$ cat structure-v1.tsv   # TSV, C-alpha atoms
chain	number	residue	atom	x	y	z
A	1	MET	CA	-66.44	77.46	57.64
A	2	ALA	CA	-65.81	81.13	58.20
A	3	TYR	CA	-62.10	81.84	58.39
A	4	GLU	CA	-60.89	84.47	60.85
A	5	ILE	CA	-57.19	84.60	59.95
A	6	VAL	CA	-54.79	83.73	57.14
A	7	ALA	CA	-51.19	82.88	58.10
A	8	VAL	CA	-48.50	82.55	55.42
A	9	GLY	CA	-45.00	81.15	55.70
A	10	SER	CA	-42.15	81.36	53.19
A	11	SER	CA	-38.37	81.31	52.98
A	12	ALA	CA	-36.03	81.11	49.98
A	13	GLY	CA	-37.80	82.60	46.95
A	14	GLY	CA	-40.48	83.91	49.26
A	15	VAL	CA	-40.27	87.62	48.47
A	16	LYS	CA	-41.27	86.98	44.86
A	17	ALA	CA	-43.95	84.50	45.97
A	18	LEU	CA	-45.37	86.92	48.54
A	19	MET	CA	-45.52	89.66	45.90
A	20	ALA	CA	-47.47	87.29	43.66
A	21	VAL	CA	-49.97	86.28	46.36
A	22	LEU	CA	-50.40	89.53	48.29
A	23	GLY	CA	-50.46	91.54	45.06
A	24	GLU	CA	-53.57	89.67	43.93
A	25	LEU	CA	-55.62	90.00	47.10
A	26	PRO	CA	-58.50	92.51	46.85
A	27	THR	CA	-58.95	95.57	49.06
A	28	ASP	CA	-62.05	93.98	50.59
A	29	PHE	CA	-60.18	90.90	51.85
A	30	ARG	CA	-62.14	90.30	55.03
A	31	VAL	CA	-59.63	88.72	57.38
A	32	PRO	CA	-56.26	89.75	58.81
A	33	LEU	CA	-53.08	88.15	57.53
A	34	VAL	CA	-49.88	87.30	59.37
A	35	VAL	CA	-46.71	86.44	57.48
A	36	VAL	CA	-43.39	84.88	58.38
A	37	GLN	CA	-40.72	85.27	55.71
A	38	HIS	CA	-37.24	84.17	56.79
A	39	LEU	CA	-35.07	87.30	56.80
A	40	ASP	CA	-31.47	88.18	57.53
A	41	PRO	CA	-31.51	88.44	61.35
A	42	TRP	CA	-28.80	91.10	61.46
A	43	HIS	CA	-30.31	93.73	59.20
A	44	ASP	CA	-33.40	95.89	59.19
A	45	THR	CA	-35.74	94.99	56.39
A	46	ALA	CA	-37.58	97.04	53.80
A	47	LEU	CA	-39.76	94.04	52.93
A	48	ALA	CA	-42.95	95.56	54.38
A	49	GLU	CA	-42.47	98.70	52.26
A	50	ILE	CA	-41.64	96.67	49.15
A	51	LEU	CA	-44.71	94.45	49.53
A	52	ASP	CA	-46.93	97.40	50.50
A	53	ARG	CA	-46.16	99.09	47.17
A	54	ARG	CA	-47.30	95.97	45.30
A	55	SER	CA	-50.44	95.18	47.28
A	56	ARG	CA	-53.85	96.75	47.72
A	57	LEU	CA	-53.74	95.69	51.36
A	58	ARG	CA	-51.82	97.57	54.04
A	59	ILE	CA	-48.61	95.74	54.91
A	60	LYS	CA	-46.64	96.55	58.03
A	61	LEU	CA	-43.95	95.08	60.22
A	62	ALA	CA	-45.63	93.54	63.24
A	63	GLU	CA	-45.12	95.19	66.59
A	64	ALA	CA	-45.79	93.67	70.00
A	65	GLY	CA	-49.30	94.53	71.11
A	66	ASP	CA	-50.67	95.15	67.60
A	67	VAL	CA	-54.23	93.92	67.25
A	68	LEU	CA	-55.11	92.13	64.03
A	69	GLU	CA	-57.55	93.86	61.72
A	70	PRO	CA	-59.11	92.77	58.41
A	71	GLY	CA	-57.21	93.76	55.29
A	72	VAL	CA	-53.95	94.40	57.12
A	73	VAL	CA	-50.91	92.16	56.68
A	74	HIS	CA	-48.60	91.90	59.69
A	75	LEU	CA	-45.11	90.76	58.73
A	76	ALA	CA	-42.76	89.21	61.29
A	77	PRO	CA	-39.74	91.47	61.86
A	78	PRO	CA	-36.19	90.10	61.51
A	79	ASN	CA	-34.96	87.89	64.36
A	80	ARG	CA	-38.31	87.76	66.22
A	81	HIS	CA	-40.90	85.01	66.39
A	82	LEU	CA	-44.40	86.29	65.60
A	83	LEU	CA	-47.19	84.79	67.70
A	84	VAL	CA	-50.93	85.44	67.76
A	85	ARG	CA	-52.64	85.49	71.15
A	86	PRO	CA	-56.35	85.47	72.07
A	87	GLY	CA	-58.16	88.56	70.86
A	88	GLY	CA	-55.84	88.77	67.84
A	89	VAL	CA	-53.09	90.45	69.87
A	90	LEU	CA	-49.61	90.00	68.42
A	91	GLU	CA	-46.61	89.01	70.47
A	92	LEU	CA	-42.97	89.12	69.41
A	93	SER	CA	-40.54	86.72	70.99
A	94	ALA	CA	-36.76	86.32	70.98
A	95	THR	CA	-36.91	82.74	72.29
A	96	ASP	CA	-34.63	80.13	70.78
A	97	ARG	CA	-34.56	79.49	67.06
A	98	VAL	CA	-36.77	76.67	65.82
A	99	LYS	CA	-35.28	74.51	63.03
A	100	PHE	CA	-32.43	77.08	62.93
A	101	VAL	CA	-34.73	80.03	62.17
A	102	ARG	CA	-36.28	82.99	63.93
A	103	PRO	CA	-38.97	83.93	62.99
A	104	SER	CA	-40.44	80.43	62.78
A	105	VAL	CA	-43.39	79.51	60.59
A	106	ASP	CA	-44.06	76.56	62.91
A	107	LEU	CA	-44.46	78.79	65.98
A	108	LEU	CA	-46.72	81.21	64.10
A	109	PHE	CA	-48.94	78.39	62.79
A	110	GLU	CA	-49.06	76.71	66.23
A	111	SER	CA	-50.21	79.96	67.87
A	112	VAL	CA	-52.81	80.51	65.13
A	113	ALA	CA	-54.08	76.93	65.55
A	114	ALA	CA	-54.37	77.37	69.32
A	115	VAL	CA	-56.34	80.64	69.05
A	116	TYR	CA	-58.45	80.07	65.94
A	117	GLY	CA	-58.82	76.28	65.61
A	118	PRO	CA	-61.07	75.48	62.61
A	119	ALA	CA	-61.20	79.19	61.66
A	120	ALA	CA	-57.47	79.12	60.80
A	121	LEU	CA	-56.31	79.12	57.18
A	122	VAL	CA	-52.57	78.69	56.66
A	123	CYS	CA	-50.46	78.67	53.54
A	124	VAL	CA	-46.87	77.54	52.96
A	125	LEU	CA	-45.00	78.94	49.98
A	126	THR	CA	-41.54	78.33	48.54
A	127	GLY	CA	-38.61	77.74	50.88
A	128	THR	CA	-35.80	75.41	51.88
A	129	GLY	CA	-35.93	73.22	54.97
A	130	SER	CA	-39.06	72.00	56.73
A	131	ASP	CA	-40.27	75.03	58.71
A	132	GLY	CA	-44.07	75.09	58.65
A	133	SER	CA	-44.67	71.33	58.62
A	134	ALA	CA	-45.07	70.88	62.40
A	135	GLY	CA	-47.26	73.99	62.55
A	136	ALA	CA	-49.38	72.68	59.68
A	137	GLU	CA	-49.88	69.43	61.63
A	138	MET	CA	-51.17	71.45	64.59
A	139	VAL	CA	-53.51	73.46	62.34
A	140	LYS	CA	-54.95	70.25	60.85
A	141	ALA	CA	-55.29	68.68	64.32
A	142	ARG	CA	-57.39	71.68	65.42
A	143	GLY	CA	-59.60	71.50	62.34
A	144	GLY	CA	-57.98	74.31	60.34
A	145	THR	CA	-57.19	74.42	56.64
A	146	VAL	CA	-53.74	73.99	55.06
A	147	VAL	CA	-52.80	75.27	51.60
A	148	ALA	CA	-49.38	74.52	50.11
A	149	GLU	CA	-47.65	75.80	47.02
A	150	ASP	CA	-47.14	72.88	44.64
A	151	PRO	CA	-43.60	71.63	45.41
A	152	GLU	CA	-43.16	70.73	41.74
A	153	THR	CA	-43.57	74.34	40.63
A	154	ALA	CA	-42.21	76.15	43.73
A	155	GLU	CA	-38.92	77.95	43.28
A	156	PHE	CA	-37.60	76.04	46.34
A	157	LYS	CA	-39.62	72.94	47.14
A	158	GLY	CA	-38.33	72.07	50.64
A	159	MET	CA	-40.95	73.78	52.81
A	160	PRO	CA	-44.06	73.01	50.75
A	161	GLN	CA	-42.86	69.43	50.22
A	162	ALA	CA	-42.34	68.97	53.98
A	163	VAL	CA	-45.90	70.19	54.60
A	164	VAL	CA	-47.40	67.91	51.94
A	165	LYS	CA	-45.52	64.95	53.47
A	166	ALA	CA	-46.55	65.87	57.04
A	167	VAL	CA	-50.28	66.42	56.53
A	168	PRO	CA	-52.98	65.86	53.95
A	169	ALA	CA	-52.93	69.46	52.68
A	170	ASP	CA	-56.40	70.70	51.74
A	171	LEU	CA	-55.12	72.37	48.57
A	172	VAL	CA	-51.80	72.03	46.73
A	173	LEU	CA	-51.65	74.69	44.03
A	174	PRO	CA	-49.25	76.44	41.69
A	175	LEU	CA	-48.28	79.91	42.91
A	176	ASP	CA	-50.51	81.76	40.43
A	177	GLU	CA	-53.63	80.02	41.80
A	178	ILE	CA	-53.03	80.60	45.51
A	179	ALA	CA	-54.38	84.16	45.86
A	180	GLY	CA	-57.61	83.21	44.09
A	181	ALA	CA	-58.00	80.15	46.31
A	182	LEU	CA	-57.48	82.21	49.49
A	183	VAL	CA	-60.06	84.76	48.32
A	184	GLY	CA	-62.55	82.01	47.44
A	185	LEU	CA	-62.08	80.21	50.76
A	186	VAL	CA	-62.45	83.41	52.80
A	187	LYS	CA	-65.53	84.51	50.83
A	188	GLY	CA	-67.00	81.03	51.03
A	189	THR	CA	-67.25	80.75	47.23
A	190	ARG	CA	-64.66	77.95	47.02
A	191	THR	CA	-64.88	74.58	48.69
A	192	LEU	CA	-61.99	72.26	49.43
$ encode --input "structure-v1.tsv" --output "structure tokens"
Amino acid sequence: MAYEIVAVGSSAGGVKALMAVLGELPTDFRVPLVVVQHLDPWHDTALAEILDRRSRLRIKLAEAGDVLEPGVVHLAPPNRHLLVRPGGVLELSATDRVKFVRPSVDLLFESVAAVYGPAALVCVLTGTGSDGSAGAEMVKARGGTVVAEDPETAEFKGMPQAVVKAVPADLVLPLDEIAGALVGLVKGTRTL
């Protein structure tokens, strides 16, 4: 299967986890990435700049109307849901919170599943709560691939554990193996 997008969700402990994963991805990573990290809704964030300094990929805060491109990471801005529409066009939404959060990993994953179906690769990292589990179910239902950080080694196990309980995750890995797995899956050198 050729993947066309990688979507990542994280919450508590996520900044460190995102640094670990995004920092290991090579410059020739062939697909676009979209990321929801739960952020303080009332403050601007420097997260894109922080991650950009630690990654070989370009990392930017998503803006409405952005079009996804390979090797660029689009990060959901504070207090906005990030959705992917046909053609890889990004949409930002201020609709109601989902599971008490905005941006919502579930909404991102559901939009990715709807647009990309079996070409969707999603990954849930550390976090509290269960955001991401309903979206992971949708991704699996459409034939996509779900990777979860191992709840036993995650800094906060809530989100990855909810995903592993909700769906048969394709891969459950410790944090330090996730970047390599994503690269292998995208390149087609790793099987599930």
$ residues_near_point --input "structure-v1.tsv" --point "(-60.1, 88.1, 58.3)" --cutoff "10 Å" --atoms "all atoms listed in the file" --output "number ranges by chain"
A: 2-6, 28-33, 68-72, 119-121, 186-187
$ atom_distance --input "structure-v1.tsv" --atom1 "CA of Val89 in chain A" --atom2 "CA of Val115 in chain A"
10.4 Å
$ atom_distance --input "structure-v1.tsv" --atom1 "CA of Ala17 in chain A" --atom2 "CA of Gly144 in chain A"
22.5 Å
$ residues_around --input "structure-v1.tsv" --residues "Pro160 in chain A" --least-positions-apart "6" --cutoff "7 Å" --atoms "all atoms listed in the file" --output "count of residues only"
7
$ atom_distance --input "structure-v1.tsv" --atom1 "CA of Arg53 in chain A" --atom2 "CA of Met19 in chain A"
9.5 Å
$ closest_residue --input "structure-v1.tsv" --among "A:Thr189, A:Ser104, A:Thr45, A:Thr95" --to "Pro77 in chain A" --atoms "all atoms listed in the file"
A:Thr45
$ residues_around --input "structure-v1.tsv" --residues "Ile50 in chain A" --least-positions-apart "6" --cutoff "12 Å" --atoms "all atoms listed in the file" --output "ChimeraX atom specification"
/A:15-16,18-19,22-23,58-61,75
$ write_last_selection --input "structure-v1.tsv" --atoms "C-alpha atoms" --output "PDB file, keeping the file's coordinate frame"
ATOM      1  CA  VAL A  15     -40.270  87.620  48.470  1.00  0.00           C
ATOM      2  CA  LYS A  16     -41.270  86.980  44.860  1.00  0.00           C
ATOM      3  CA  LEU A  18     -45.370  86.920  48.540  1.00  0.00           C
ATOM      4  CA  MET A  19     -45.520  89.660  45.900  1.00  0.00           C
ATOM      5  CA  LEU A  22     -50.400  89.530  48.290  1.00  0.00           C
ATOM      6  CA  GLY A  23     -50.460  91.540  45.060  1.00  0.00           C
ATOM      7  CA  ARG A  58     -51.820  97.570  54.040  1.00  0.00           C
ATOM      8  CA  ILE A  59     -48.610  95.740  54.910  1.00  0.00           C
ATOM      9  CA  LYS A  60     -46.640  96.550  58.030  1.00  0.00           C
ATOM     10  CA  LEU A  61     -43.950  95.080  60.220  1.00  0.00           C
ATOM     11  CA  LEU A  75     -45.110  90.760  58.730  1.00  0.00           C
TER      12      LEU A  75
END
$ closest_residue --input "structure-v1.tsv" --among "A:Val21, A:Leu173, A:Leu108, A:Leu185" --to "Arg54 in chain A" --atoms "all atoms listed in the file"
A:Val21
$ closest_residue --input "structure-v1.tsv" --among "A:Arg56, A:Arg97, A:Ile178, A:Lys140" --to "Val8 in chain A" --atoms "only C-alpha atoms"
A:Ile178
$ closest_residue --input "structure-v1.tsv" --among "A:Leu175, A:Ser133, A:Ala7, A:Asn79" --to "Val112 in chain A" --atoms "all atoms listed in the file"
A:Ala7
$ residues_around --input "structure-v1.tsv" --residues "Gly129 in chain A" --least-positions-apart "6" --cutoff "12 Å" --atoms "only C-alpha atoms" --output "list in words"
Ser10, Ser11, Ala12, His38, Val98, Lys99, Phe100, Val101, Ser104, Val105, Asp106, Phe156, Lys157, Gly158, Met159, Pro160, Gln161, Ala162 and Val163 of chain A
$ closest_residue --input "structure-v1.tsv" --among "A:Gly143, A:Pro78, A:Gly14, A:Gly135" --to "Asp170 in chain A" --atoms "only C-alpha atoms"
A:Gly143
$ closest_residue --input "structure-v1.tsv" --among "A:Val146, A:Ala46, A:Val36, A:Val164" --to "Ala76 in chain A" --atoms "only C-alpha atoms"
A:Val36
$ residues_near_point --input "structure-v1.tsv" --point "(-54.0, 76.0, 62.6)" --cutoff "7 Å" --atoms "all atoms listed in the file" --output "ChimeraX atom specification"
/A:109-110,112-114,116-117,120-122,136,138-140,142,144-145
